[in-house]
Amino acid sequence: METLLQSPGQARPTINDKLTKEDKIRLLRDMYRIRRFEQTSLKYYNLGRMGGFLHLYSGQEAVAVGTVSLLGPDDHLITAYRDHGHAIAVGMTMPECMAELFGKATGCSKGKGGSMHLFAPDKRYWGGHGIVGGQTPLGAGIAYALKYKRIPGCCLCYLGDGAINQGVFHESLNLASLFSLPVVYIIEDNGYSMGTSLKRSSAYKTCLAERAEAYNMAWDVFLGEDLYEVRERTNVAIERARKECQPTLLEIQTYRYYGHSVADANAKKYRTAEEIEEYKNNHDPLQLFGKRLLEEEVLTEAQIGEIDRASKEEANAAVKFAEESPFPKEGDITADVYWEVDNQTEAGKQGTYFFNT
Amino acid sequence: MPLITYREALRTALDEEILRDENVVVIGEEVAQYNGAYKVTEGLWATHGDRRLVDTPISESAFVGMGIGASMLGLRPVIELMFWSFAYVAFDQIVNNAGCVRYMSGGLINVPIVIRGPANGGTNVGATHSHTPENLLANMPGLKVVVPATAYDAKGLLKTSIRDNDPVMFMENTLLYGEKWEVPDSEYLIPLGLADVKRTGDHVSLIAHGRAVLTCLKAAELLEAEHDISVEVVDLRSIRPLDEEAILNSVRKTHRAVVVEENKPFCGVGAQITSLIQEKAFDDLDAPIARVSAIDAPAIYSPPIEKRQLPDPQRVIEKVLNLA
Ligand SMILES: Cc1ncc(C[n+]2csc(CCOP(=O)(O)OP(=O)(O)O)c2C)c(N)n1
Ligand SMILES: [Mg+2]
């Protein structure tokens with residue numbers, strides 16, 4: 001079993017040695033793009049341009065960008081409703097995501113799913129899931145299909161620290177271990193599930209990932225603020241999945257800056273302003289990675305500023321696209337319910353499918 | 001009479017029942033320290049403390065089941081689901097345990113639990129968060145289903161549900177939490193299985209539950225003002241037990257019925273009501289019974305289109321005008 005005590009030494013060659021200058025710039029740029037996409041979406045949410053929930057990922061960017069950057073053409077991922085970061089990290093475009101938030105027909109889900117339900121199967125990104133814990137058996141299932149088809153890939157399945165208490169997650173861990181599935185469960189431990197702190201929601205000895213012990217599964221726990229560290233530690237699990245076809249449970253400790261969702265009326269009540277400031281000032285993944293790249297002389301301050309500016313511009317252009325796009329039509333409500341009906345197959349024509357009154 | 005919100009009505013019902021009966025305990029996600037995701041339980045933890053208001057992890061199956069188990073020993077748990085949509089995670093507990101244990105024990109055990117929370121569409125939270133399972137759960141003998149449309153009904157029905165000795169599925173609506181109605185300060189109870197005629201009329205009966213009742217009341221006003229049609233609105237309030245007499249009495253008077261619900265049409269509550277009317281009041285009908293329900297698909301996110309997916313007064317009016 002892997003534990004905290006066996007962290008890979010910094011002296012050893014690491015997966016990060018393989019990164020080119022361009023790779024590093026792209027990683028930083030993606031984190032900025034996520035941050036600016038979300039801040040822009042927040043602005044328009046507050047202007048009433050979208051409905052429902054908006055769960056922001058700000059503060060956690062190094063987790064999605066770091067882990068997704070390790071994926072190859074046979075690797076997949078699936079996450080919960082805090083899904084904008086993963087979407088942009090896999091290469092979904094800002095316009096298709098923003099249009100989805102605006103409920104427009106040009107959105108990635110044609111305005112049917114909204115913020116919590118972004119999908120891009122062409123990029124092996126299986127969503128965006130609103131029911132807490134609901135995606136966890138799907139992650140096992142994607143891994144199952146990879147193994148069945150003898151594809152040497154893996155599936156990253158993300159969940160929150162609150163989601164680990166859903167029964168279905170435990171059942172999934174057992175299946176993953178029992179069936180030796182190439183799935184990497186990643187608990188994005190931001191310390192809170194809505195207004196409930198870790199301590200008030202979970203019983204554990206030293207950390208959440210330790211629960212893997214009970215299922216004879218490898219696990220690891222580490223901080224998610226340093227993108228290099230995220231890549232290094234996650235890569236071990238990905239290799240285990242690809243090469244040994246074995247699952248891992250990772251706990252990546254991180255932090256969210258905003259409330260649970262924009263509708264979180266208590267966002268500033270269950271934690272102190274100092275706690276939030278402390279993380280923003282000393283643990284911000286964008287700042288930390290930017291600093292590293294300055295030290296490595298990959299980028300200059302001015303170039304980082306330019307990346308930031310371009311990210312804002314890209315987000316604003318996405319808003320323009322979303323605003324100019326049409327809403328779905330009333331007739332679209334009953335499309336995309338059944339494959340057979342949409343494809344006008346024989347099966348789709350036999351019998352009544354819809355019962356509108 | 002004081003005007004209070006639907007939310008405050010629920011809160012006072014909980015407050016009064018917690019004070020009245022030591023066995024009442026409120027359990028759910030964020031119900032205590034956070035004051036409730038939709039603020040229904042606001043202030044109750046401060047007043048009544050940890051013993052009576054219990055925050056849980058996100059483990060619906062376990063805490064619903066725990067409530068059912070505790071109720072078998074005589075507690076009266078009120079389980080809050082942040083959304084009724086999350087009941088699907090706990091479906092086995094609700095259906096197999098709460099719904100069947102009395103029967104399978106030959107009546108030796110009963111389950112005095114209330115499971116409550118919002119069950120509605122119309123808030124752009126997508127298909128997984130917009131379920132309205134009143135028809136599913138009313139399909140299970142052993143469970144009771146209550147769907148209040150106003151603050152007055154919410155309070156009286158919740159108090160009765162807590163005192164009821166069977167499992168009651170209590171479905172609220174986030175779009176109504178902030179709406180105000182007159183509610184007396186003095187204590188009152190509303191029996192389950194008693195419908196309420198919210199408006200009397202002579203030409204057509206609109207039969208509905210939950211927020212659809214308010215849609216019907218608006219439609220009734222417009223029909224009266226613009227078309228001189230006198231409309232009766234029957235609010236079922238409880239789906240199971242169902243006040244069959246109230247429905248039949250209304251139809252026998254007006255000879256026309258439109259059944260309105262925000263749920264999907266297939267095997268919806270409206271289907272049951274329609275079958276009831278045709279079976280027991282067929283000869284009283286002057287026109288086929290019509291139904292209005294949500295457009296038959298999972299709830300769409302897109303805000304303006306989701307509005308169209310749910311019944312609105314206009315759709316009810318069209319149905320009424322099209323009755324033979
Ligand atoms: C089955 C279910 N129960 C409750 C909710 C409401 N809910 C949505 S997110 C959330 C908190 C989850 O916290 P965590 O798993 O830590 O993820 P985070 O929001 O921190 O990313 C809750 C209670 C839900 N969507 N689904
Ligand atoms: Mg969390």
# chains A, B, ... in the order shown; residues from 1 in each chain; ligands from 1
>>> residues_around(residues="Gly114 (chain A)", least_positions_apart="3", cutoff="8 Å", atoms="only C-alpha atoms", output="list in words")
Glu100, Leu101, Phe102, Gly103, Ser109, Gly111, His117 and Leu118 of chain A; Asn124, Val125, Gly126, Tyr301 and Ser302 of chain B
>>> interface_residues(of="chain B", to="chain A", cutoff="9 Å", atoms="only C-alpha atoms", output="count of residues only")
45
>>> closest_residue(among="A:Tyr228, A:Tyr144, A:Phe169, A:Phe119", to="Leu181 (chain A)", atoms="only C-alpha atoms")
A:Tyr144
>>> residues_around(residues="Leu250 (chain A)", least_positions_apart="3", cutoff="7 Å", atoms="only C-alpha atoms", output="list of chain:residue names")
A:Tyr185, A:Ile186, A:Ile187, A:Ala209, A:Trp219, A:Asp220, A:Val221
>>> select_by_dssp(residues="region 52-84 of chain B", states="alpha helix (DSSP H)", output="PyMOL selection string")
chain B and resi 60-72
>>> closest_residue(among="B:Val168, B:Ala324, B:Ile317, B:Ile247", to="Ser205 (chain B)", atoms="only C-alpha atoms")
B:Ile247
>>> residues_around(residues="region 19-36 of chain A", least_positions_apart="2", cutoff="8 Å", atoms="only C-alpha atoms", output="list in words")
Ile15, Asn16, Asp17, Glu38, Gln39, Thr40, Tyr57, Ser58, Glu61, Ala62, Val65, Gly66, Ser69, His84, Gly85, Ile88, Ala89, Leu286, Phe289, Gly290, Leu293, Val298, Leu299, Ile307, Asp308, Ser311, Lys312, Glu314 and Ala315 of chain A
>>> write_last_selection(atoms="C-alpha atoms", output="mmCIF file, in the first residue's frame")
data_model
loop_
_atom_site.group_PDB
_atom_site.id
_atom_site.type_symbol
_atom_site.label_atom_id
_atom_site.label_comp_id
_atom_site.auth_asym_id
_atom_site.auth_seq_id
_atom_site.Cartn_x
_atom_site.Cartn_y
_atom_site.Cartn_z
ATOM 1 C CA ILE A 15 7.059 12.590 -15.009
ATOM 2 C CA ASN A 16 7.401 16.361 -14.994
ATOM 3 C CA ASP A 17 10.881 16.147 -16.516
ATOM 4 C CA GLU A 38 -15.766 30.819 -14.118
ATOM 5 C CA GLN A 39 -15.404 34.384 -12.914
ATOM 6 C CA THR A 40 -17.038 35.526 -16.115
ATOM 7 C CA TYR A 57 -14.119 25.307 -9.102
ATOM 8 C CA SER A 58 -11.892 28.300 -8.334
ATOM 9 C CA GLU A 61 -7.692 24.187 -10.805
ATOM 10 C CA ALA A 62 -4.401 22.325 -10.370
ATOM 11 C CA VAL A 65 -5.458 20.434 -15.091
ATOM 12 C CA GLY A 66 -2.730 18.343 -13.480
ATOM 13 C CA SER A 69 -2.684 16.413 -18.480
ATOM 14 C CA HIS A 84 -16.285 23.341 -15.499
ATOM 15 C CA GLY A 85 -12.608 22.836 -14.700
ATOM 16 C CA ILE A 88 -11.948 23.010 -20.049
ATOM 17 C CA ALA A 89 -8.993 20.829 -19.084
ATOM 18 C CA LEU A 286 -2.234 29.591 -10.315
ATOM 19 C CA PHE A 289 2.664 27.423 -10.671
ATOM 20 C CA GLY A 290 3.195 30.860 -12.143
ATOM 21 C CA LEU A 293 7.569 28.971 -14.194
ATOM 22 C CA VAL A 298 9.867 29.530 -18.757
ATOM 23 C CA LEU A 299 7.836 32.706 -18.612
ATOM 24 C CA ILE A 307 -2.007 34.737 -20.552
ATOM 25 C CA ASP A 308 -4.408 36.125 -17.978
ATOM 26 C CA SER A 311 -8.085 34.142 -20.904
ATOM 27 C CA LYS A 312 -10.435 36.963 -19.927
ATOM 28 C CA GLU A 314 -11.628 34.344 -24.500
ATOM 29 C CA ALA A 315 -14.254 34.138 -21.747
#
>>> closest_residue(among="B:Thr5, B:Ala87, B:Leu276, B:Glu261", to="ligand 1", atoms="only C-alpha atoms and all ligand atoms")
B:Ala87
>>> closest_residue(among="A:Gln253, A:Cys245, A:Tyr158, A:Lys149", to="Cys207 (chain A)", atoms="only C-alpha atoms")
A:Gln253
>>> residues_around(residues="Val251 (chain B)", least_positions_apart="3", cutoff="12 Å", atoms="only C-alpha atoms", output="ChimeraX atom specification")
/B:197,200-207,231-234,244-248,254-259,273-274,276-278,280-289
>>> write_last_selection(atoms="N, CA, C and O atoms", output="short mmCIF file (atom, residue, chain, number, x, y, z; two decimals), in the first residue's frame")
data_model
loop_
_atom_site.label_atom_id
_atom_site.label_comp_id
_atom_site.auth_asym_id
_atom_site.auth_seq_id
_atom_site.Cartn_x
_atom_site.Cartn_y
_atom_site.Cartn_z
N VAL B 197 -61.88 22.45 -1.72
CA VAL B 197 -62.34 23.18 -2.89
C VAL B 197 -61.83 24.61 -2.75
O VAL B 197 -62.29 25.36 -1.91
N THR B 200 -65.13 27.80 -5.89
CA THR B 200 -66.34 27.11 -6.33
C THR B 200 -66.78 27.65 -7.68
O THR B 200 -66.56 28.82 -8.01
N GLY B 201 -67.35 26.77 -8.46
CA GLY B 201 -67.80 27.15 -9.79
C GLY B 201 -68.79 26.13 -10.32
O GLY B 201 -69.01 25.09 -9.70
N ASP B 202 -69.38 26.42 -11.47
CA ASP B 202 -70.48 25.59 -11.95
C ASP B 202 -70.23 24.88 -13.27
O ASP B 202 -70.88 23.90 -13.59
N HIS B 203 -69.29 25.39 -14.08
CA HIS B 203 -69.21 24.87 -15.45
C HIS B 203 -68.15 23.81 -15.68
O HIS B 203 -68.28 22.99 -16.57
N VAL B 204 -67.08 23.88 -14.91
CA VAL B 204 -66.00 22.91 -15.12
C VAL B 204 -65.20 22.75 -13.83
O VAL B 204 -65.04 23.71 -13.08
N SER B 205 -64.74 21.52 -13.58
CA SER B 205 -63.91 21.26 -12.40
C SER B 205 -62.45 21.11 -12.83
O SER B 205 -62.14 20.31 -13.70
N LEU B 206 -61.59 21.91 -12.22
CA LEU B 206 -60.15 21.70 -12.40
C LEU B 206 -59.67 20.97 -11.16
O LEU B 206 -59.89 21.43 -10.03
N ILE B 207 -59.04 19.82 -11.37
CA ILE B 207 -58.60 19.00 -10.24
C ILE B 207 -57.08 18.94 -10.27
O ILE B 207 -56.49 18.61 -11.29
N VAL B 231 -65.57 28.36 -12.93
CA VAL B 231 -64.64 27.24 -12.74
C VAL B 231 -64.52 26.86 -11.27
O VAL B 231 -64.35 27.73 -10.41
N GLU B 232 -64.59 25.57 -11.00
CA GLU B 232 -64.33 25.07 -9.65
C GLU B 232 -62.92 24.49 -9.61
O GLU B 232 -62.49 23.82 -10.54
N VAL B 233 -62.19 24.77 -8.53
CA VAL B 233 -60.84 24.22 -8.40
C VAL B 233 -60.78 23.33 -7.16
O VAL B 233 -61.00 23.79 -6.04
N VAL B 234 -60.52 22.05 -7.41
CA VAL B 234 -60.42 21.09 -6.31
C VAL B 234 -58.94 20.78 -6.06
O VAL B 234 -58.24 20.31 -6.95
N GLU B 244 -61.91 10.77 -2.78
CA GLU B 244 -62.67 10.46 -3.99
C GLU B 244 -63.99 11.23 -4.02
O GLU B 244 -64.42 11.72 -5.07
N GLU B 245 -64.63 11.32 -2.87
CA GLU B 245 -65.94 11.97 -2.82
C GLU B 245 -65.88 13.43 -3.28
O GLU B 245 -66.75 13.89 -4.01
N ALA B 246 -64.83 14.13 -2.84
CA ALA B 246 -64.72 15.54 -3.22
C ALA B 246 -64.61 15.68 -4.74
O ALA B 246 -65.20 16.58 -5.34
N ILE B 247 -63.85 14.79 -5.34
CA ILE B 247 -63.69 14.83 -6.80
C ILE B 247 -65.03 14.56 -7.47
O ILE B 247 -65.48 15.30 -8.36
N LEU B 248 -65.67 13.50 -7.02
CA LEU B 248 -66.92 13.09 -7.67
C LEU B 248 -68.03 14.13 -7.45
O LEU B 248 -68.79 14.43 -8.37
N THR B 254 -70.48 20.04 -11.97
CA THR B 254 -70.06 20.81 -13.16
C THR B 254 -70.17 20.02 -14.46
O THR B 254 -70.20 20.59 -15.55
N HIS B 255 -70.12 18.71 -14.37
CA HIS B 255 -70.21 17.80 -15.53
C HIS B 255 -69.02 17.85 -16.47
O HIS B 255 -69.07 17.31 -17.57
N ARG B 256 -67.97 18.57 -16.05
CA ARG B 256 -66.78 18.62 -16.90
C ARG B 256 -65.54 18.62 -16.00
O ARG B 256 -65.54 19.29 -14.97
N ALA B 257 -64.52 17.91 -16.45
CA ALA B 257 -63.32 17.86 -15.60
C ALA B 257 -62.05 17.98 -16.42
O ALA B 257 -61.92 17.39 -17.49
N VAL B 258 -61.12 18.79 -15.90
CA VAL B 258 -59.76 18.83 -16.44
C VAL B 258 -58.82 18.56 -15.26
O VAL B 258 -58.91 19.23 -14.22
N VAL B 259 -57.98 17.56 -15.42
CA VAL B 259 -57.07 17.18 -14.34
C VAL B 259 -55.68 17.74 -14.67
O VAL B 259 -55.15 17.50 -15.75
N ILE B 273 -57.04 9.74 -11.45
CA ILE B 273 -58.25 10.54 -11.23
C ILE B 273 -59.21 10.37 -12.42
O ILE B 273 -60.42 10.24 -12.26
N THR B 274 -58.63 10.37 -13.60
CA THR B 274 -59.45 10.22 -14.81
C THR B 274 -60.18 8.89 -14.80
O THR B 274 -61.38 8.80 -15.09
N LEU B 276 -60.91 7.15 -12.20
CA LEU B 276 -61.92 7.20 -11.12
C LEU B 276 -63.21 7.87 -11.60
O LEU B 276 -64.31 7.36 -11.38
N ILE B 277 -63.06 9.00 -12.28
CA ILE B 277 -64.24 9.75 -12.71
C ILE B 277 -65.03 8.94 -13.74
O ILE B 277 -66.27 8.83 -13.64
N GLN B 278 -64.31 8.36 -14.68
CA GLN B 278 -65.06 7.64 -15.72
C GLN B 278 -65.75 6.40 -15.14
O GLN B 278 -66.82 6.01 -15.56
N LYS B 280 -66.86 6.11 -11.87
CA LYS B 280 -67.90 6.38 -10.88
C LYS B 280 -68.81 7.55 -11.22
O LYS B 280 -69.80 7.77 -10.53
N ALA B 281 -68.47 8.31 -12.25
CA ALA B 281 -69.33 9.45 -12.57
C ALA B 281 -69.48 9.62 -14.08
O ALA B 281 -69.72 10.73 -14.56
N PHE B 282 -69.38 8.52 -14.77
CA PHE B 282 -69.43 8.58 -16.24
C PHE B 282 -70.71 9.25 -16.73
O PHE B 282 -70.69 10.11 -17.61
N ASP B 283 -71.81 8.87 -16.12
CA ASP B 283 -73.10 9.38 -16.59
C ASP B 283 -73.28 10.86 -16.30
O ASP B 283 -74.15 11.51 -16.89
N ASP B 284 -72.46 11.38 -15.40
CA ASP B 284 -72.58 12.81 -15.08
C ASP B 284 -71.80 13.69 -16.04
O ASP B 284 -71.92 14.91 -16.02
N LEU B 285 -70.94 13.06 -16.85
CA LEU B 285 -70.05 13.84 -17.71
C LEU B 285 -70.76 14.34 -18.97
O LEU B 285 -71.47 13.59 -19.63
N ASP B 286 -70.49 15.62 -19.29
CA ASP B 286 -70.98 16.16 -20.56
C ASP B 286 -69.88 16.23 -21.60
O ASP B 286 -70.12 16.64 -22.74
N ALA B 287 -68.65 15.90 -21.19
CA ALA B 287 -67.51 15.97 -22.12
C ALA B 287 -66.45 14.99 -21.65
O ALA B 287 -66.42 14.65 -20.47
N PRO B 288 -65.60 14.55 -22.56
CA PRO B 288 -64.50 13.69 -22.13
C PRO B 288 -63.63 14.43 -21.12
O PRO B 288 -63.50 15.65 -21.18
N ILE B 289 -63.04 13.68 -20.23
CA ILE B 289 -62.14 14.29 -19.24
C ILE B 289 -60.84 14.67 -19.96
O ILE B 289 -60.34 13.91 -20.78
#
>>> residues_around(residues="His48 (chain B)", least_positions_apart="4", cutoff="10 Å", atoms="only C-alpha atoms", output="JSON list (two decimals) with N, CA, C and O atoms, in the first residue's frame")
[["chain", "number", "residue", "atom", "x", "y", "z"],
["B", 15, "ASP", "N", -41.63, 23.26, 14.62],
["B", 15, "ASP", "CA", -41.35, 23.82, 15.94],
["B", 15, "ASP", "C", -42.39, 23.34, 16.96],
["B", 15, "ASP", "O", -42.06, 22.85, 18.03],
["B", 18, "ILE", "N", -42.07, 19.56, 17.61],
["B", 18, "ILE", "CA", -40.87, 19.24, 18.41],
["B", 18, "ILE", "C", -41.16, 19.52, 19.88],
["B", 18, "ILE", "O", -40.81, 18.74, 20.76],
["B", 19, "LEU", "N", -41.84, 20.64, 20.14],
["B", 19, "LEU", "CA", -42.17, 21.00, 21.52],
["B", 19, "LEU", "C", -43.20, 20.06, 22.12],
["B", 19, "LEU", "O", -43.14, 19.71, 23.29],
["B", 25, "VAL", "N", -37.89, 14.08, 15.97],
["B", 25, "VAL", "CA", -36.51, 14.47, 15.71],
["B", 25, "VAL", "C", -36.36, 14.75, 14.22],
["B", 25, "VAL", "O", -36.88, 14.00, 13.39],
["B", 32, "ALA", "N", -29.48, 21.44, 10.51],
["B", 32, "ALA", "CA", -29.24, 22.04, 11.83],
["B", 32, "ALA", "C", -28.38, 23.30, 11.73],
["B", 32, "ALA", "O", -28.91, 24.41, 11.66],
["B", 43, "GLY", "N", -33.31, 28.42, 12.43],
["B", 43, "GLY", "CA", -33.50, 28.78, 13.84],
["B", 43, "GLY", "C", -33.86, 27.60, 14.74],
["B", 43, "GLY", "O", -33.79, 27.72, 15.97],
["B", 44, "LEU", "N", -34.25, 26.49, 14.17],
["B", 44, "LEU", "CA", -34.72, 25.39, 15.02],
["B", 44, "LEU", "C", -33.57, 24.75, 15.80],
["B", 44, "LEU", "O", -33.73, 24.35, 16.96],
["B", 52, "ARG", "N", -32.49, 17.31, 18.81],
["B", 52, "ARG", "CA", -33.72, 17.33, 18.03],
["B", 52, "ARG", "C", -33.49, 17.66, 16.55],
["B", 52, "ARG", "O", -34.35, 17.41, 15.71],
["B", 53, "LEU", "N", -32.35, 18.30, 16.26],
["B", 53, "LEU", "CA", -32.01, 18.66, 14.86],
["B", 53, "LEU", "C", -30.67, 18.02, 14.55],
["B", 53, "LEU", "O", -29.66, 18.36, 15.16]]
>>> closest_residue(among="A:Thr254, A:Thr272, A:Thr206, A:Thr234", to="ligand 1", atoms="only C-alpha atoms and all ligand atoms")
A:Thr254
>>> residues_around(residues="region 65-71 of chain B", least_positions_apart="3", cutoff="8 Å", atoms="only C-alpha atoms", output="CSV table (one decimal) with all heavy atoms, in the first residue's frame")
chain,number,residue,atom,x,y,z
B,27,ILE,N,-34.1,15.1,11.0
B,27,ILE,CA,-32.8,14.6,10.5
B,27,ILE,C,-32.6,14.9,9.0
B,27,ILE,O,-33.5,14.7,8.3
B,27,ILE,CB,-32.8,13.0,10.7
B,27,ILE,CG1,-33.0,12.7,12.2
B,27,ILE,CG2,-31.5,12.4,10.2
B,27,ILE,CD1,-33.1,11.2,12.5
B,61,SER,N,-29.6,6.9,1.7
B,61,SER,CA,-30.1,5.6,1.9
B,61,SER,C,-29.9,5.2,3.4
B,61,SER,O,-30.9,4.7,4.0
B,61,SER,CB,-29.3,4.6,1.1
B,61,SER,OG,-29.7,3.3,1.3
B,62,ALA,N,-28.8,5.6,4.0
B,62,ALA,CA,-28.6,5.3,5.4
B,62,ALA,C,-29.4,6.1,6.4
B,62,ALA,O,-30.0,5.6,7.3
B,62,ALA,CB,-27.1,5.4,5.8
B,74,GLY,N,-40.6,3.7,17.9
B,74,GLY,CA,-41.5,4.8,18.5
B,74,GLY,C,-41.0,6.2,18.4
B,74,GLY,O,-41.7,7.1,18.8
B,75,LEU,N,-39.8,6.4,17.8
B,75,LEU,CA,-39.5,7.8,17.5
B,75,LEU,C,-40.4,8.3,16.3
B,75,LEU,O,-41.0,7.5,15.6
B,75,LEU,CB,-38.0,8.0,17.1
B,75,LEU,CG,-37.0,7.6,18.1
B,75,LEU,CD1,-35.6,8.2,17.7
B,75,LEU,CD2,-37.4,8.2,19.5
B,76,ARG,N,-40.5,9.6,16.2
B,76,ARG,CA,-41.2,10.2,15.0
B,76,ARG,C,-40.3,11.0,14.2
B,76,ARG,O,-40.4,12.3,14.3
B,76,ARG,CB,-42.5,11.0,15.5
B,76,ARG,CG,-43.5,10.1,16.1
B,76,ARG,CD,-44.8,10.7,16.5
B,76,ARG,NE,-45.7,9.7,17.0
B,76,ARG,CZ,-46.5,9.0,16.2
B,76,ARG,NH1,-46.6,9.3,14.9
B,76,ARG,NH2,-47.3,8.0,16.7
B,77,PRO,N,-39.4,10.4,13.5
B,77,PRO,CA,-38.4,11.2,12.7
B,77,PRO,C,-39.1,11.9,11.6
B,77,PRO,O,-40.0,11.4,10.9
B,77,PRO,CB,-37.5,10.1,12.2
B,77,PRO,CG,-37.8,8.8,12.9
B,77,PRO,CD,-39.2,9.0,13.3
B,78,VAL,N,-38.6,13.1,11.4
B,78,VAL,CA,-39.0,13.9,10.2
B,78,VAL,C,-37.7,14.0,9.4
B,78,VAL,O,-36.8,14.7,9.8
B,78,VAL,CB,-39.5,15.3,10.6
B,78,VAL,CG1,-39.9,16.1,9.3
B,78,VAL,CG2,-40.7,15.2,11.5
B,79,ILE,N,-37.6,13.3,8.3
B,79,ILE,CA,-36.4,13.3,7.5
B,79,ILE,C,-36.5,14.3,6.4
B,79,ILE,O,-37.5,14.3,5.6
B,79,ILE,CB,-36.2,11.9,6.9
B,79,ILE,CG1,-36.3,10.8,7.9
B,79,ILE,CG2,-34.9,11.8,6.1
B,79,ILE,CD1,-35.2,10.7,8.9
B,90,ALA,N,-32.4,6.5,-2.0
B,90,ALA,CA,-32.9,5.8,-0.8
B,90,ALA,C,-34.2,5.0,-1.1
B,90,ALA,O,-34.9,4.6,-0.2
B,90,ALA,CB,-33.2,6.8,0.3
B,93,GLN,N,-35.1,1.8,0.8
B,93,GLN,CA,-35.5,2.0,2.2
B,93,GLN,C,-36.9,2.4,2.2
B,93,GLN,O,-37.7,2.0,3.0
B,93,GLN,CB,-34.6,3.0,2.8
B,93,GLN,CG,-33.2,2.5,3.0
B,93,GLN,CD,-33.1,1.3,3.8
B,93,GLN,OE1,-33.8,1.1,4.8
B,93,GLN,NE2,-32.2,0.4,3.4
B,94,ILE,N,-37.3,3.3,1.3
B,94,ILE,CA,-38.6,3.9,1.4
B,94,ILE,C,-39.7,2.8,0.9
B,94,ILE,O,-40.7,2.6,1.6
B,94,ILE,CB,-38.7,5.1,0.4
B,94,ILE,CG1,-37.8,6.3,1.0
B,94,ILE,CG2,-40.2,5.6,0.3
B,94,ILE,CD1,-37.7,7.5,0.1
B,97,ASN,N,-38.7,-1.0,3.0
B,97,ASN,CA,-38.8,-1.0,4.4
B,97,ASN,C,-40.0,-0.2,4.9
B,97,ASN,O,-40.9,-0.7,5.6
B,97,ASN,CB,-37.5,-0.5,5.0
B,97,ASN,CG,-36.4,-1.6,4.9
B,97,ASN,OD1,-36.7,-2.8,4.7
B,97,ASN,ND2,-35.1,-1.3,5.0
B,98,ALA,N,-40.0,1.1,4.6
B,98,ALA,CA,-41.1,1.9,5.1
B,98,ALA,C,-42.4,1.4,4.6
B,98,ALA,O,-43.4,1.3,5.3
B,98,ALA,CB,-40.9,3.4,4.8
B,110,ASN,N,-45.3,-0.7,13.0
B,110,ASN,CA,-45.7,0.4,12.2
B,110,ASN,C,-44.6,1.4,12.1
B,110,ASN,O,-43.6,1.4,12.9
B,110,ASN,CB,-47.0,1.0,12.6
B,110,ASN,CG,-46.9,1.7,14.0
B,110,ASN,OD1,-46.4,1.1,14.9
B,110,ASN,ND2,-47.3,2.9,14.1
B,111,VAL,N,-44.6,2.3,11.1
B,111,VAL,CA,-43.5,3.2,10.8
B,111,VAL,C,-44.0,4.6,10.7
B,111,VAL,O,-44.4,5.1,9.7
B,111,VAL,CB,-43.0,2.8,9.4
B,111,VAL,CG1,-41.8,3.7,9.0
B,111,VAL,CG2,-42.4,1.3,9.4
B,112,PRO,N,-44.0,5.3,11.9
B,112,PRO,CA,-44.5,6.7,12.0
B,112,PRO,C,-43.5,7.7,11.6
B,112,PRO,O,-43.0,8.5,12.4
B,112,PRO,CB,-44.9,6.8,13.4
B,112,PRO,CG,-44.0,5.9,14.2
B,112,PRO,CD,-43.7,4.8,13.3
B,113,ILE,N,-43.1,7.7,10.3
B,113,ILE,CA,-42.0,8.6,9.9
B,113,ILE,C,-42.6,9.6,8.9
B,113,ILE,O,-43.6,9.3,8.2
B,113,ILE,CB,-40.9,7.8,9.2
B,113,ILE,CG1,-39.6,8.6,9.0
B,113,ILE,CG2,-41.3,7.2,7.8
B,113,ILE,CD1,-38.4,7.8,8.5
>>> atom_distance(atom1="CA of Glu182 (chain B)", atom2="CA of Asn249 (chain B)")
26.8 Å
